[in-house]
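Notes to accompany the following structure.
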Amino acid sequence: MNEQNPYDPYYPQPQIIGYDEYGQPVYQQVPPQAQQPYDPYAQHQQQHAQQPVQQQPVQQQGYGYDAYGQPVQQPQQPQYDPYGQQRGYDPYASYDTGQQWAVQGEAAPAPAAPPRAPVAAPAGVPGQRPALDDSGDDRAYRTEQFSFIEEPDEDSEDVIDWLKFTESRSERREEARRRGRNRVVALVVALVVAAVGGVGYLWYAGKLPGLSGEEQKQNIATGPQKRDTIVVHLHDTKGGGTSTALLVDNTTTKQGTTVLLPNALSVANDEGSATTLAKSVEDDGSTGTREAIGNLLGTKITGTWRLDTPYLENLVELVSNIDITTDTEVPSDKKGEAPLVAKGENQTLNGRAAVAYATYRGPGEAEAKQLQRFGQVVYGVLRKMSDDPKAATVTVETLAQILDPSLPEKDLGASLAKLAEHAKGGDYKTAVLPVEQDGSLGQGAADSVVKDILGGKVSAPDQGSAVRVAIRDATGKDATEAARVVLINGGFAFVGGAKAETEEKSQVLYGDDAQKATAGEVAKTLGLPEGAVKKGETAGNGAVTVVLGQDYKIPGSKR
């Protein structure tokens, strides 16, 4: 539609060449010869001139007659002003539909047109500007001419987005600082742990400056340690005799040990009299023997496992035979048959061969040889035993033997599983308790076995229990038995005696200051002077050690 002349679609269309400072379009100027004053009634005049109707004479300046017969003056057309200098233009001001009827010469005049409401000038006519209002405002548009639709303010959204970005950026910076602090703390903790672990490893390996390997081993041996010890008695149901061993699980050092006890070991029976270990097993039973061994060695034994040879044979079969290195050949019971056990390394023994090897003692051999073979079989069984407590318990239950009340199947299975773990890991050894010919403990037994393996220095006796006293006979005569009787009658526990080189003066030695008063009581009981009580080295299995010298008067003797 032609915005310059809305009534003539063929009017030349001006071209937009830009916009002024108010944002209004600027159109190209129309040449003067092509620019004609706008006359909305020009077409009506042409039509009127062609119609053969009688017209009333009109003045030269007139432009027809209105509905009342009054001449209408032709308005002077304003020139086209592309910059809107002509103000107050109203294309509807001189347009009257009643004149059109008068020009066409209708007989009856048209009724008077109703009064028209003022119409606002259209704002879409290019090149023209509205007239000044009373206040002199020449703005092209005023706010009352429009109805505004509230739209979201993009600037405000941008500000909100910027605030959110700034806030999130600050939070990220703070989070980065926190992470940095956490990394520093974690690094410090890791360095401390690494340092402590390194020092601990060097201490364990004995590589710390000023701490030699010998000192390290001594600290491990004498420090407080936790041990689980059970005693096992092998009964040879065919050939007769017994073999005894202590199975020690040191949970502190993660070490397992089999301590073999000779049958000649002197222990106290239920009456307090000295007897051999072999005789105690037969006469006193499991409970009495267990207590006697514990008192002698100063160690706590938790339970007794009686293992007859038929059950040992079944046990070896359950663990699918054992592999050991044998030191001798064991002949068969029947003549002409191959030996039951061959001599050599990595010999595989079934249940029958294992029993024959564990109980074999060759002609003229010492008892210690047979004990060592028993220890080898025990070690071979532990290496094949499961280290899982439940599985080991199932193996024990499968034996279907009647166990001692002190060691039920579940406890025995757990103990064997722990020992099996040490044996498989190479942390297992076998030792023989040194015993003199008279059955007393040897001089080296206290340090090598009693202290290192069975629990260090002898602990103080429980409240109400008898004090353990050991005797060294240095009289040159046999005074041990007489002194033992005196001590038992005096309420003390005799834990063994041994021969010693002759000494002139008797001594009563205590190692712990807490035992000084007890040592004085022992001296009075034996009739020794108070000056004989001294602090010194005691036997590993006794709280007090009495060294009987030549000045000791044996009860009942003439001297």
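Chain lettering (A, B, ...) mirrors the order of the structure tokens, residue numbering begins at 1 for each chain separately, and ligand numbering begins at 1 in order of display.
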
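The shell of residues at most 9 Å from Lys226 of chain A, with only C-alpha atoms counted and near chain neighbours (fewer than 2 positions) removed, consists of Pro224, Asp228, Asp249, Asn250, Thr251, Thr252, Thr253 and Gly455 of chain A.
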
Discussion item. Among segment 335-543 of chain A, which residues does DSSP mark as strand (DSSP E) when it is run on the backbone? Keep the chain and numbering as in the structure and answer as a PyMOL selection string.
Written reply: chain A and resi 344-349+428-432+468-473+493-499+507-510+533-535

Using the selection just defined, write its residues with N, CA, C and O atoms as a short mmCIF file (atom, residue, chain, number, x, y, z; two decimals), in the first residue's frame.
data_model
loop_
_atom_site.label_atom_id
_atom_site.label_comp_id
_atom_site.auth_asym_id
_atom_site.auth_seq_id
_atom_site.Cartn_x
_atom_site.Cartn_y
_atom_site.Cartn_z
N GLY A 344 66.77 -90.64 53.18
CA GLY A 344 67.05 -89.64 52.13
C GLY A 344 66.16 -88.42 52.24
O GLY A 344 65.29 -88.31 53.11
N GLU A 345 66.38 -87.51 51.31
CA GLU A 345 65.63 -86.26 51.29
C GLU A 345 64.30 -86.43 50.55
O GLU A 345 64.17 -87.23 49.63
N ASN A 346 63.34 -85.61 50.99
CA ASN A 346 62.02 -85.54 50.35
C ASN A 346 61.38 -86.92 50.19
O ASN A 346 60.94 -87.32 49.11
N GLN A 347 61.32 -87.64 51.28
CA GLN A 347 60.66 -88.94 51.31
C GLN A 347 59.18 -88.75 51.62
O GLN A 347 58.81 -88.04 52.56
N THR A 348 58.34 -89.38 50.81
CA THR A 348 56.90 -89.30 51.02
C THR A 348 56.45 -90.48 51.88
O THR A 348 56.67 -91.64 51.51
N LEU A 349 55.83 -90.16 53.01
CA LEU A 349 55.42 -91.17 53.96
C LEU A 349 53.90 -91.18 54.08
O LEU A 349 53.27 -90.13 54.25
N TYR A 428 58.97 -71.70 61.38
CA TYR A 428 58.77 -72.80 62.34
C TYR A 428 60.11 -73.49 62.58
O TYR A 428 60.92 -73.65 61.68
N LYS A 429 60.30 -73.89 63.85
CA LYS A 429 61.54 -74.60 64.20
C LYS A 429 61.23 -75.65 65.26
O LYS A 429 60.16 -75.63 65.90
N THR A 430 62.20 -76.55 65.45
CA THR A 430 62.07 -77.63 66.44
C THR A 430 63.28 -77.59 67.36
O THR A 430 64.42 -77.46 66.89
N ALA A 431 63.04 -77.68 68.68
CA ALA A 431 64.13 -77.63 69.67
C ALA A 431 63.92 -78.73 70.70
O ALA A 431 62.78 -79.13 70.97
N VAL A 432 65.03 -79.19 71.25
CA VAL A 432 65.00 -80.23 72.30
C VAL A 432 65.40 -79.58 73.62
O VAL A 432 66.40 -78.85 73.69
N ARG A 468 58.08 -71.05 93.32
CA ARG A 468 58.90 -72.07 92.68
C ARG A 468 60.37 -71.90 93.07
O ARG A 468 60.92 -70.80 92.91
N VAL A 469 60.98 -72.97 93.51
CA VAL A 469 62.37 -72.93 93.96
C VAL A 469 63.16 -74.01 93.21
O VAL A 469 62.73 -75.16 93.13
N ALA A 470 64.28 -73.61 92.64
CA ALA A 470 65.19 -74.54 91.95
C ALA A 470 66.44 -74.73 92.81
O ALA A 470 66.84 -73.83 93.58
N ILE A 471 67.08 -75.89 92.68
CA ILE A 471 68.25 -76.22 93.50
C ILE A 471 69.42 -76.59 92.61
O ILE A 471 69.27 -77.34 91.63
N ARG A 472 70.60 -76.06 92.97
CA ARG A 472 71.88 -76.46 92.36
C ARG A 472 72.75 -77.06 93.48
O ARG A 472 73.11 -76.36 94.44
N ASP A 473 73.07 -78.30 93.31
CA ASP A 473 73.82 -79.03 94.35
C ASP A 473 75.32 -78.86 94.11
O ASP A 473 75.88 -79.44 93.18
N ALA A 493 57.34 -74.85 96.12
CA ALA A 493 57.23 -75.77 94.98
C ALA A 493 58.62 -76.05 94.44
O ALA A 493 59.35 -75.12 94.04
N PHE A 494 58.99 -77.30 94.45
CA PHE A 494 60.30 -77.68 93.94
C PHE A 494 60.19 -77.89 92.42
O PHE A 494 59.38 -78.68 91.94
N VAL A 495 61.00 -77.17 91.66
CA VAL A 495 60.89 -77.20 90.20
C VAL A 495 62.10 -77.86 89.55
O VAL A 495 62.27 -77.80 88.34
N GLY A 496 62.93 -78.52 90.32
CA GLY A 496 64.03 -79.25 89.70
C GLY A 496 65.36 -78.92 90.33
O GLY A 496 65.57 -77.86 90.93
N GLY A 497 66.25 -79.87 90.22
CA GLY A 497 67.58 -79.68 90.74
C GLY A 497 68.62 -80.09 89.73
O GLY A 497 68.34 -80.81 88.76
N ALA A 498 69.83 -79.64 89.91
CA ALA A 498 70.91 -79.93 88.99
C ALA A 498 72.23 -79.93 89.75
O ALA A 498 72.35 -79.30 90.82
N LYS A 499 73.20 -80.66 89.21
CA LYS A 499 74.53 -80.68 89.79
C LYS A 499 75.31 -79.44 89.38
O LYS A 499 75.12 -78.91 88.29
N GLN A 507 74.25 -70.15 98.74
CA GLN A 507 73.62 -68.88 98.34
C GLN A 507 72.15 -69.10 98.02
O GLN A 507 71.77 -70.16 97.50
N VAL A 508 71.37 -68.10 98.33
CA VAL A 508 69.95 -68.08 97.96
C VAL A 508 69.76 -66.87 97.05
O VAL A 508 69.81 -65.72 97.51
N LEU A 509 69.55 -67.10 95.75
CA LEU A 509 69.53 -66.03 94.75
C LEU A 509 68.09 -65.70 94.33
O LEU A 509 67.24 -66.58 94.19
N TYR A 510 67.87 -64.40 94.13
CA TYR A 510 66.59 -63.92 93.59
C TYR A 510 66.90 -62.93 92.46
O TYR A 510 67.86 -62.16 92.53
N VAL A 533 71.43 -64.69 101.35
CA VAL A 533 70.44 -64.15 100.39
C VAL A 533 71.10 -63.04 99.58
O VAL A 533 71.59 -62.04 100.15
N LYS A 534 71.12 -63.22 98.28
CA LYS A 534 71.75 -62.24 97.38
C LYS A 534 70.91 -62.13 96.09
O LYS A 534 70.18 -63.05 95.70
N LYS A 535 71.10 -60.99 95.43
CA LYS A 535 70.46 -60.79 94.13
C LYS A 535 71.40 -61.29 93.04
O LYS A 535 72.58 -60.92 93.01
#

Discussion item. I need the residues of segment 205-357 of chain A that end up classed as alpha helix (DSSP H) by DSSP on the backbone, written out as a PyMOL selection string.
Written reply: chain A and resi 205+213-222+277-283+285-297+309-318+351-357

Discussion item. What does the structure give for the distance between atom CA of Pro405 of chain A and atom CA of Thr393 of chain A, in Å to one decimal?
Written reply: 15.7 Å

Discussion item. I'd like to know which of A:Thr237, A:Ser332, A:Thr325, A:Thr475 is closest to Val546 of chain A, using only C-alpha atoms.
Written reply: A:Thr475

Item to complete: May I ask which of the residues A:Pro434, A:Gly536, A:Gly476, A:Pro331 is the closest one to Gly549 of chain A, counting only C-alpha atoms?
Response: A:Gly476

Spatial neighbours of Thr276 of chain A, max dist 6 Å, only C-alpha atoms, sep filter under 2 positions, as a PDB file with N, CA, C and O atoms, in the first residue's frame:
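Contents of around-v8.pdb, freshly written:
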ATOM      1  N   ALA A 264      63.140 -88.454  80.470  1.00  0.00           N
ATOM      2  CA  ALA A 264      63.914 -88.450  81.713  1.00  0.00           C
ATOM      3  C   ALA A 264      63.772 -87.146  82.477  1.00  0.00           C
ATOM      4  O   ALA A 264      64.320 -87.013  83.590  1.00  0.00           O
ATOM      5  N   LEU A 265      63.045 -86.177  81.965  1.00  0.00           N
ATOM      6  CA  LEU A 265      62.899 -84.882  82.637  1.00  0.00           C
ATOM      7  C   LEU A 265      62.279 -85.085  84.010  1.00  0.00           C
ATOM      8  O   LEU A 265      61.256 -85.759  84.164  1.00  0.00           O
ATOM      9  N   SER A 266      62.881 -84.456  85.001  1.00  0.00           N
ATOM     10  CA  SER A 266      62.401 -84.586  86.372  1.00  0.00           C
ATOM     11  C   SER A 266      61.317 -83.552  86.639  1.00  0.00           C
ATOM     12  O   SER A 266      61.524 -82.336  86.467  1.00  0.00           O
ATOM     13  N   VAL A 267      60.177 -84.038  87.067  1.00  0.00           N
ATOM     14  CA  VAL A 267      59.050 -83.163  87.409  1.00  0.00           C
ATOM     15  C   VAL A 267      58.492 -83.607  88.750  1.00  0.00           C
ATOM     16  O   VAL A 267      58.831 -84.679  89.267  1.00  0.00           O
ATOM     17  N   ALA A 278      58.005 -89.420  81.877  1.00  0.00           N
ATOM     18  CA  ALA A 278      57.340 -90.620  81.368  1.00  0.00           C
ATOM     19  C   ALA A 278      56.443 -91.247  82.422  1.00  0.00           C
ATOM     20  O   ALA A 278      55.309 -91.644  82.130  1.00  0.00           O
ATOM     21  N   LYS A 279      56.914 -91.326  83.651  1.00  0.00           N
ATOM     22  CA  LYS A 279      56.112 -91.911  84.728  1.00  0.00           C
ATOM     23  C   LYS A 279      54.929 -91.025  85.090  1.00  0.00           C
ATOM     24  O   LYS A 279      53.845 -91.513  85.427  1.00  0.00           O
TER      25      LYS A 279
END

Practice prompt. Grab the atom CA of Val544 of chain A to atom CA of Ala519 of chain A distance for me, in Å with one decimal place.
Written response: 6.2 Å

Worksheet item: Distance atom CA of His233 of chain A-atom CA of Asp333 of chain A, one decimal place?
Response: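 Interatomic distance, atom CA of His233 of chain A to atom CA of Asp333 of chain A: 24.1 Å.
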
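Closest approach to Gln515 of chain A from the set A:Ile402, A:Leu528, A:Val467, A:Ile230 is made by A:Val467, with distances taken over only C-alpha atoms.
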